[in-house]
Structures are given as C-alpha cells and as structure tokens.
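Enquirer: First, the structure itself, so that you have it in front of you.
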Amino acid sequence: AAERLAARLAEISITAPSIPVLHNVDVLTHATPNEIRHALAQQAAHPVRWTATMQALGAQGITHVVECGPGKVLAGLAKRSIDSAHAYSLTDGEALAATLAELAAA
C-alpha cells in the first residue's frame, strides 16, 4: 500500500504548507513537497505515533484541538495527552456551531 501511495503521490502537485504540519509517522515537520510525499507514504505502512505527536504539539504551546469527523475518540485522547488541552469533536452541525462560539469567546 505504501508503495502504491508513493507512486500516486508522485503524480500530484504538492505545495509547501503555509503553517507547519506535524506528521504523526515521525513526529516531525516536513516543508518540501518530496519530504511531505515521503512522510505520507510512510504513514500508510507504519504505526501512528499519536501520543508523541500530541505531546509535541503541547510542547509547542497548542492548547486547543479540534477533531473533525464522526466520533470523539481522538478528542478524548488529546485531552489525556496534552495537559489542560481543550478538545472539541465536530460530529455534526450543532457541535460545529458550539465549538466556533466557544473558540470565538476564548
């Protein structure tokens, strides 16, 4: 799967992100398109380093985490990984509206 993903990623245009993106395969940021392609392909064949990623984000001063999609598992894990983190789960439109209101007030 990683090899097929790498071949597909080689065919698409990737630009450097305007903000740092921490990849959970190696808990590092990658700035060049080739580094990003490699990290994405590696992620398909390696375990996610969720706790280390969350701790690295916390060390960088991240205080709010937003989980997009169904379920609330990742938001719960984020709360346990980052001391005093505020975590939100966007499970539906109502949750999105409540999260946006809370973030605007923060």
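Every chain in the structure tokens takes a letter, A first, then B, and so on in the order presented; its residues are numbered from 1, and the ligands are numbered from 1 following the presented order.
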Counting only C-alpha atoms, what is within 9 Å of Leu74 (chain A), bar same-chain residues fewer than 4 positions away, as a PyMOL selection string?

Expert: chain A and resi 66-67+78-79+87+89

Enquirer: Excluding Arg80 (chain A) and residues on its chain fewer than 4 positions from it, collect all residues at most 10 Å away from it, counting only C-alpha atoms, and give them as a ChimeraX atom specification.

Expert: /A:51,54-55,74-76,84-85,87

Enquirer: If you run DSSP on the backbone, which residues of chain A are strand (DSSP E), as a PDB file with all heavy atoms, in the first residue's frame?

Expert:
```
ATOM      1  N   LEU A  22       2.725  18.779  11.474  1.00  0.00           N
ATOM      2  CA  LEU A  22       3.458  17.748  12.205  1.00  0.00           C
ATOM      3  C   LEU A  22       2.937  16.388  11.757  1.00  0.00           C
ATOM      4  O   LEU A  22       1.764  16.078  11.923  1.00  0.00           O
ATOM      5  CB  LEU A  22       3.249  17.939  13.708  1.00  0.00           C
ATOM      6  CG  LEU A  22       4.123  17.148  14.637  1.00  0.00           C
ATOM      7  CD1 LEU A  22       5.591  17.507  14.450  1.00  0.00           C
ATOM      8  CD2 LEU A  22       3.709  17.391  16.079  1.00  0.00           C
ATOM      9  N   HIS A  23       3.794  15.595  11.158  1.00  0.00           N
ATOM     10  CA  HIS A  23       3.404  14.280  10.643  1.00  0.00           C
ATOM     11  C   HIS A  23       3.492  13.249  11.754  1.00  0.00           C
ATOM     12  O   HIS A  23       4.509  13.160  12.445  1.00  0.00           O
ATOM     13  CB  HIS A  23       4.311  13.884   9.474  1.00  0.00           C
ATOM     14  CG  HIS A  23       4.144  14.785   8.301  1.00  0.00           C
ATOM     15  ND1 HIS A  23       3.318  14.487   7.257  1.00  0.00           N
ATOM     16  CD2 HIS A  23       4.668  16.002   8.032  1.00  0.00           C
ATOM     17  CE1 HIS A  23       3.346  15.469   6.373  1.00  0.00           C
ATOM     18  NE2 HIS A  23       4.157  16.407   6.827  1.00  0.00           N
ATOM     19  N   LEU A  28       7.655  14.855  13.074  1.00  0.00           N
ATOM     20  CA  LEU A  28       8.482  15.926  12.527  1.00  0.00           C
ATOM     21  C   LEU A  28       7.667  16.748  11.543  1.00  0.00           C
ATOM     22  O   LEU A  28       6.666  16.273  11.005  1.00  0.00           O
ATOM     23  CB  LEU A  28       9.706  15.348  11.799  1.00  0.00           C
ATOM     24  CG  LEU A  28      10.688  14.540  12.641  1.00  0.00           C
ATOM     25  CD1 LEU A  28      11.720  13.863  11.734  1.00  0.00           C
ATOM     26  CD2 LEU A  28      11.370  15.431  13.667  1.00  0.00           C
ATOM     27  N   THR A  29       8.111  17.969  11.305  1.00  0.00           N
ATOM     28  CA  THR A  29       7.517  18.774  10.243  1.00  0.00           C
ATOM     29  C   THR A  29       8.346  18.589   8.982  1.00  0.00           C
ATOM     30  O   THR A  29       9.558  18.390   9.054  1.00  0.00           O
ATOM     31  CB  THR A  29       7.465  20.272  10.618  1.00  0.00           C
ATOM     32  OG1 THR A  29       8.783  20.726  10.888  1.00  0.00           O
ATOM     33  CG2 THR A  29       6.589  20.505  11.837  1.00  0.00           C
ATOM     34  N   HIS A  64      -5.645  24.030  22.051  1.00  0.00           N
ATOM     35  CA  HIS A  64      -6.962  23.646  21.554  1.00  0.00           C
ATOM     36  C   HIS A  64      -6.796  22.640  20.413  1.00  0.00           C
ATOM     37  O   HIS A  64      -5.996  22.862  19.504  1.00  0.00           O
ATOM     38  CB  HIS A  64      -7.729  24.867  21.045  1.00  0.00           C
ATOM     39  CG  HIS A  64      -8.099  25.819  22.131  1.00  0.00           C
ATOM     40  ND1 HIS A  64      -7.175  26.628  22.760  1.00  0.00           N
ATOM     41  CD2 HIS A  64      -9.285  26.079  22.717  1.00  0.00           C
ATOM     42  CE1 HIS A  64      -7.783  27.352  23.681  1.00  0.00           C
ATOM     43  NE2 HIS A  64      -9.062  27.033  23.675  1.00  0.00           N
ATOM     44  N   VAL A  65      -7.564  21.564  20.476  1.00  0.00           N
ATOM     45  CA  VAL A  65      -7.526  20.515  19.462  1.00  0.00           C
ATOM     46  C   VAL A  65      -8.955  20.295  18.973  1.00  0.00           C
ATOM     47  O   VAL A  65      -9.874  20.162  19.780  1.00  0.00           O
ATOM     48  CB  VAL A  65      -6.961  19.200  20.042  1.00  0.00           C
ATOM     49  CG1 VAL A  65      -6.989  18.082  19.001  1.00  0.00           C
ATOM     50  CG2 VAL A  65      -5.557  19.409  20.570  1.00  0.00           C
ATOM     51  N   VAL A  66      -9.123  20.250  17.654  1.00  0.00           N
ATOM     52  CA  VAL A  66     -10.439  20.046  17.065  1.00  0.00           C
ATOM     53  C   VAL A  66     -10.416  18.768  16.236  1.00  0.00           C
ATOM     54  O   VAL A  66      -9.617  18.646  15.308  1.00  0.00           O
ATOM     55  CB  VAL A  66     -10.860  21.249  16.185  1.00  0.00           C
ATOM     56  CG1 VAL A  66     -12.216  21.005  15.558  1.00  0.00           C
ATOM     57  CG2 VAL A  66     -10.862  22.538  17.004  1.00  0.00           C
ATOM     58  N   GLU A  67     -11.281  17.831  16.588  1.00  0.00           N
ATOM     59  CA  GLU A  67     -11.418  16.580  15.839  1.00  0.00           C
ATOM     60  C   GLU A  67     -12.556  16.757  14.837  1.00  0.00           C
ATOM     61  O   GLU A  67     -13.682  17.076  15.207  1.00  0.00           O
ATOM     62  CB  GLU A  67     -11.737  15.425  16.789  1.00  0.00           C
ATOM     63  CG  GLU A  67     -11.978  14.120  16.085  1.00  0.00           C
ATOM     64  CD  GLU A  67     -12.282  12.977  17.045  1.00  0.00           C
ATOM     65  OE1 GLU A  67     -12.387  13.195  18.261  1.00  0.00           O
ATOM     66  OE2 GLU A  67     -12.405  11.847  16.548  1.00  0.00           O
ATOM     67  N   CYS A  68     -12.242  16.544  13.578  1.00  0.00           N
ATOM     68  CA  CYS A  68     -13.237  16.682  12.511  1.00  0.00           C
ATOM     69  C   CYS A  68     -13.679  15.309  12.046  1.00  0.00           C
ATOM     70  O   CYS A  68     -12.847  14.498  11.646  1.00  0.00           O
ATOM     71  CB  CYS A  68     -12.652  17.461  11.334  1.00  0.00           C
ATOM     72  SG  CYS A  68     -12.078  19.104  11.773  1.00  0.00           S
ATOM     73  N   HIS A  86      -7.931  21.874  25.554  1.00  0.00           N
ATOM     74  CA  HIS A  86      -9.353  21.964  25.254  1.00  0.00           C
ATOM     75  C   HIS A  86      -9.540  21.191  23.954  1.00  0.00           C
ATOM     76  O   HIS A  86      -8.912  21.508  22.951  1.00  0.00           O
ATOM     77  CB  HIS A  86      -9.785  23.422  25.075  1.00  0.00           C
ATOM     78  CG  HIS A  86      -9.533  24.264  26.281  1.00  0.00           C
ATOM     79  ND1 HIS A  86     -10.412  24.324  27.326  1.00  0.00           N
ATOM     80  CD2 HIS A  86      -8.493  25.051  26.601  1.00  0.00           C
ATOM     81  CE1 HIS A  86      -9.922  25.142  28.253  1.00  0.00           C
ATOM     82  NE2 HIS A  86      -8.753  25.588  27.837  1.00  0.00           N
ATOM     83  N   ALA A  87     -10.382  20.181  23.974  1.00  0.00           N
ATOM     84  CA  ALA A  87     -10.584  19.353  22.796  1.00  0.00           C
ATOM     85  C   ALA A  87     -12.054  19.386  22.398  1.00  0.00           C
ATOM     86  O   ALA A  87     -12.943  19.355  23.250  1.00  0.00           O
ATOM     87  CB  ALA A  87     -10.139  17.926  23.063  1.00  0.00           C
ATOM     88  N   TYR A  88     -12.284  19.463  21.112  1.00  0.00           N
ATOM     89  CA  TYR A  88     -13.627  19.569  20.560  1.00  0.00           C
ATOM     90  C   TYR A  88     -13.818  18.500  19.496  1.00  0.00           C
ATOM     91  O   TYR A  88     -12.903  18.207  18.727  1.00  0.00           O
ATOM     92  CB  TYR A  88     -13.841  20.946  19.929  1.00  0.00           C
ATOM     93  CG  TYR A  88     -13.501  22.080  20.862  1.00  0.00           C
ATOM     94  CD1 TYR A  88     -12.220  22.607  20.890  1.00  0.00           C
ATOM     95  CD2 TYR A  88     -14.448  22.603  21.722  1.00  0.00           C
ATOM     96  CE1 TYR A  88     -11.887  23.641  21.748  1.00  0.00           C
ATOM     97  CE2 TYR A  88     -14.129  23.649  22.588  1.00  0.00           C
ATOM     98  CZ  TYR A  88     -12.852  24.155  22.596  1.00  0.00           C
ATOM     99  OH  TYR A  88     -12.526  25.175  23.463  1.00  0.00           O
ATOM    100  N   SER A  89     -15.028  17.956  19.415  1.00  0.00           N
ATOM    101  CA  SER A  89     -15.367  16.973  18.386  1.00  0.00           C
ATOM    102  C   SER A  89     -16.456  17.565  17.504  1.00  0.00           C
ATOM    103  O   SER A  89     -17.532  17.920  17.994  1.00  0.00           O
ATOM    104  CB  SER A  89     -15.882  15.681  19.015  1.00  0.00           C
ATOM    105  OG  SER A  89     -14.878  15.086  19.778  1.00  0.00           O
ATOM    106  N   LEU A  90     -16.180  17.670  16.221  1.00  0.00           N
ATOM    107  CA  LEU A  90     -17.158  18.205  15.286  1.00  0.00           C
ATOM    108  C   LEU A  90     -17.940  17.042  14.676  1.00  0.00           C
ATOM    109  O   LEU A  90     -17.670  16.595  13.571  1.00  0.00           O
ATOM    110  CB  LEU A  90     -16.461  19.012  14.196  1.00  0.00           C
ATOM    111  CG  LEU A  90     -15.558  20.146  14.671  1.00  0.00           C
ATOM    112  CD1 LEU A  90     -15.010  20.917  13.488  1.00  0.00           C
ATOM    113  CD2 LEU A  90     -16.291  21.065  15.636  1.00  0.00           C
TER     114      LEU A  90
END
```

Enquirer: For Arg37 (chain A), which of A:Ile19, A:Ala95, A:Leu57, A:Ile14 is the closest residue, counting only C-alpha atoms?

Expert: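 Smallest distance to Arg37 (chain A) is found for A:Ile14.
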
Enquirer: Among region 5-72 of chain A, which ones does DSSP assign to helix (DSSP H, G or I) (computed from the backbone)? Answer as a list of chain:residue names.

Expert: A:Leu5, A:Ala6, A:Ala7, A:Arg8, A:Leu9, A:Ala10, A:Pro33, A:Asn34, A:Glu35, A:Ile36, A:Arg37, A:His38, A:Ala39, A:Leu40, A:Ala41, A:Gln42, A:Gln43, A:Trp50, A:Thr51, A:Ala52, A:Thr53, A:Met54, A:Gln55, A:Ala56, A:Leu57, A:Gly58, A:Ala59

Enquirer: Let me make sure I understand: among A:Val27, A:Ala16, A:Leu103, A:Ile82, which one has the smallest atom-to-atom distance to Val48 (chain A) if we use only C-alpha atoms?

Expert: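 Closest candidate: A:Val27.
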
Enquirer: Write out as a list of chain:residue names each polymer residue whose atoms come within 10 Å of Ala31 (chain A), counting only C-alpha atoms; drop sequence neighbours fewer than 5 positions from it.

Expert: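 Counting only C-alpha atoms, the residues come to A:Thr15, A:Ala16, A:Pro17, A:Ser18, A:Ile19, A:Pro20, A:Val21, A:Ile36.
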
Enquirer: Can you tell me which residues surround Ala41 (chain A) at a distance of at most 12 Å, considering only C-alpha atoms, apart from same-chain residues fewer than 3 positions away, and format the answer as number ranges by chain?

Expert: A: 1-10, 23-26, 34-38, 44-46
